[in-house]
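*Asks:* Quick one: this structure, given as structure tokens, is what I'll be asking you about.
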Amino acid sequence: MTLRSILIHPDPRLKKVADPVTDFSEDLRRVAEDMLETMYAAPGIGLAGPQIGLMKRLIVLDCVKDREAPPRPLVMANPEITWASEERRGYEEGCLSIPEQYAEVTRPAEVTVRWQDVTGAVQEEEFSGLWATCVQHEIDHLNGKLFIDYLTPLKRQLITRKMEKLKRERARDGIRPEPRDEL
Ligand code: NI
């Protein structure tokens with residue numbers, strides 16, 4: 001397994017629509033393992049292909065917060081929301097591609113997601129709570145959408161400027177700040 005480097009906003013790859021996964025070979029399993037390892041190491045609770053420059057409709061997530069509980073790594077290829085609740089829920093979101101920036105985003109509280117697992121088999125499940133927030137955030141990444149796109153243009157610009165500054169600093173001295181609980 002290999003830790004992949006995570007792209008930081010702004011980056012044109014984070015604004016593109018990713019292509020469907022069509023190859024369910026060993027290569028897919030390997031890249032999914034890399035993505036999970038990269039997500040856990042960050043640490044984060046979700047990661048989408050475009051965040052490592054992989055322009056495929058592939059996401060990984062594990063929203064188990066309890067350290068005592070067993071992990072539940074999920075790999076979803078071609079995920080689609082097939083149902084969303086009318087009830088909405090706000091959550092202070094972050095993103096591994098926008099380190100240390102958080103803002104409340106309101107999304108459907110519950111969603112049903114259909115996806116293909118690493119073997120290509122179709123799965124469907126209903127998610128609520130943090131899982132619902134996370135899976136919607138990750139699917140947005142596959143459509144070139146970031147959580148800051150839900151904010152006002154002014155807030156978005158402020159965060160983008162901070163990220164540009166962070167990227168300049170990182171390029172200069174290679175410091176990598178520790179991200180927290182990010183999606
Ligand atoms: Ni994200």
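Following the order of the structure tokens, first chain is A, next is B, and so on, with residues numbered from 1 inside each chain and ligands from 1 in the order they appear.
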Do you have, as JSON lines, the list of residues of chain A lying at most 8 Å from ligand 1, each with its nearest atom pair and that distance in Å to one decimal, counting only C-alpha atoms and all ligand atoms and ordered by chain then number?
*Replies:*
```
{"residue": "A:Gly46", "atom": "CA", "partner": "ligand 1", "partner_atom_place_in_ligand_line": "1 (Ni)", "distance": 7.0}
{"residue": "A:Leu47", "atom": "CA", "partner": "ligand 1", "partner_atom_place_in_ligand_line": "1 (Ni)", "distance": 6.3}
{"residue": "A:Ala48", "atom": "CA", "partner": "ligand 1", "partner_atom_place_in_ligand_line": "1 (Ni)", "distance": 7.2}
{"residue": "A:Gln51", "atom": "CA", "partner": "ligand 1", "partner_atom_place_in_ligand_line": "1 (Ni)", "distance": 7.7}
{"residue": "A:Gly94", "atom": "CA", "partner": "ligand 1", "partner_atom_place_in_ligand_line": "1 (Ni)", "distance": 6.7}
{"residue": "A:Cys95", "atom": "CA", "partner": "ligand 1", "partner_atom_place_in_ligand_line": "1 (Ni)", "distance": 3.8}
{"residue": "A:Leu96", "atom": "CA", "partner": "ligand 1", "partner_atom_place_in_ligand_line": "1 (Ni)", "distance": 5.5}
{"residue": "A:Ser97", "atom": "CA", "partner": "ligand 1", "partner_atom_place_in_ligand_line": "1 (Ni)", "distance": 6.0}
{"residue": "A:Ile98", "atom": "CA", "partner": "ligand 1", "partner_atom_place_in_ligand_line": "1 (Ni)", "distance": 7.4}
{"residue": "A:His137", "atom": "CA", "partner": "ligand 1", "partner_atom_place_in_ligand_line": "1 (Ni)", "distance": 6.2}
{"residue": "A:Glu138", "atom": "CA", "partner": "ligand 1", "partner_atom_place_in_ligand_line": "1 (Ni)", "distance": 6.1}
{"residue": "A:His141", "atom": "CA", "partner": "ligand 1", "partner_atom_place_in_ligand_line": "1 (Ni)", "distance": 6.6}
{"residue": "A:Leu146", "atom": "CA", "partner": "ligand 1", "partner_atom_place_in_ligand_line": "1 (Ni)", "distance": 6.6}
{"residue": "A:Phe147", "atom": "CA", "partner": "ligand 1", "partner_atom_place_in_ligand_line": "1 (Ni)", "distance": 7.2}
{"residue": "A:Glu182", "atom": "CA", "partner": "ligand 1", "partner_atom_place_in_ligand_line": "1 (Ni)", "distance": 7.0}
{"residue": "A:Leu183", "atom": "CA", "partner": "ligand 1", "partner_atom_place_in_ligand_line": "1 (Ni)", "distance": 4.4}
```
*Asks:* Those residues you just picked out, can you put them in a file as a JSON list (two decimals), in the first residue's frame with N, CA and C atoms?
*Replies:*
```
[["chain", "number", "residue", "atom", "x", "y", "z"],
["A", 46, "GLY", "N", -13.32, 10.46, 5.05],
["A", 46, "GLY", "CA", -13.75, 10.20, 3.69],
["A", 46, "GLY", "C", -12.72, 10.76, 2.72],
["A", 47, "LEU", "N", -12.63, 10.15, 1.54],
["A", 47, "LEU", "CA", -11.70, 10.62, 0.51],
["A", 47, "LEU", "C", -12.25, 10.22, -0.86],
["A", 48, "ALA", "N", -12.14, 11.13, -1.81],
["A", 48, "ALA", "CA", -12.64, 10.86, -3.16],
["A", 48, "ALA", "C", -11.48, 10.84, -4.16],
["A", 51, "GLN", "N", -9.32, 13.81, -5.25],
["A", 51, "GLN", "CA", -8.45, 14.39, -4.23],
["A", 51, "GLN", "C", -7.02, 13.85, -4.30],
["A", 94, "GLY", "N", -15.46, 19.84, 7.08],
["A", 94, "GLY", "CA", -14.09, 20.17, 6.72],
["A", 94, "GLY", "C", -13.75, 19.31, 5.52],
["A", 95, "CYS", "N", -12.53, 19.44, 5.01],
["A", 95, "CYS", "CA", -12.16, 18.65, 3.83],
["A", 95, "CYS", "C", -10.65, 18.49, 3.82],
["A", 96, "LEU", "N", -10.17, 17.30, 3.50],
["A", 96, "LEU", "CA", -8.73, 17.07, 3.46],
["A", 96, "LEU", "C", -8.04, 17.94, 2.40],
["A", 97, "SER", "N", -8.80, 18.40, 1.41],
["A", 97, "SER", "CA", -8.25, 19.28, 0.37],
["A", 97, "SER", "C", -8.33, 20.75, 0.75],
["A", 98, "ILE", "N", -8.96, 21.03, 1.91],
["A", 98, "ILE", "CA", -9.09, 22.41, 2.41],
["A", 98, "ILE", "C", -8.75, 22.37, 3.90],
["A", 137, "HIS", "N", -20.88, 14.60, 0.78],
["A", 137, "HIS", "CA", -19.68, 15.42, 0.58],
["A", 137, "HIS", "C", -18.74, 14.74, -0.43],
["A", 138, "GLU", "N", -18.55, 13.41, -0.27],
["A", 138, "GLU", "CA", -17.63, 12.69, -1.16],
["A", 138, "GLU", "C", -18.18, 12.60, -2.58],
["A", 141, "HIS", "N", -17.50, 15.62, -4.52],
["A", 141, "HIS", "CA", -16.13, 15.68, -5.07],
["A", 141, "HIS", "C", -16.08, 15.07, -6.49],
["A", 146, "LEU", "N", -17.04, 21.32, -4.09],
["A", 146, "LEU", "CA", -16.43, 21.33, -2.76],
["A", 146, "LEU", "C", -17.42, 21.91, -1.76],
["A", 147, "PHE", "N", -17.22, 21.63, -0.47],
["A", 147, "PHE", "CA", -18.19, 22.14, 0.52],
["A", 147, "PHE", "C", -18.23, 23.67, 0.54],
["A", 182, "GLU", "N", -11.56, 15.38, 9.04],
["A", 182, "GLU", "CA", -11.98, 15.99, 7.79],
["A", 182, "GLU", "C", -12.47, 14.97, 6.78],
["A", 183, "LEU", "N", -13.25, 15.47, 5.83],
["A", 183, "LEU", "CA", -13.93, 14.59, 4.90],
["A", 183, "LEU", "C", -13.29, 14.69, 3.51]]
```
*Asks:* Which residues are near A:Gly129? Cut-off 9 Å, only C-alpha atoms, ignore same chain within fewer than 4 positions. Put them as a ChimeraX atom specification.
*Replies:* /A:89,109-110,133-134
*Asks:* Rounded to one decimal place, report the atom CA of A:Arg107-atom CA of A:Arg88 distance in Å.
*Replies:* 5.3 Å
*Asks:* List the neighbours of A:Asn78 out to 12 Å using only C-alpha atoms; skip same-chain residues closer than 4 positions along the sequence, and give me the result as JSON, numbers by chain.
*Replies:* {"A": [18, 19, 20, 21, 22, 23, 24, 48, 49, 55, 56, 57, 58, 59, 60, 113, 114, 115, 116, 117, 118, 120, 121, 122, 123, 124, 138, 139, 142, 143]}
*Asks:* Run DSSP on the backbone of this structure and report the residues of stretch 8-144 of chain A it assigns to strand (DSSP E), as JSON, numbers by chain.
*Replies:* {"A": [46, 47, 48, 58, 59, 60, 61, 74, 75, 76, 77, 78, 79, 80, 81, 82, 83, 84, 88, 89, 90, 91, 92, 93, 94, 95, 98, 99, 100, 101, 102, 103, 104, 105, 106, 107, 108, 110, 111, 112, 113, 114, 115, 116, 122, 123, 124, 125, 126, 127, 128]}
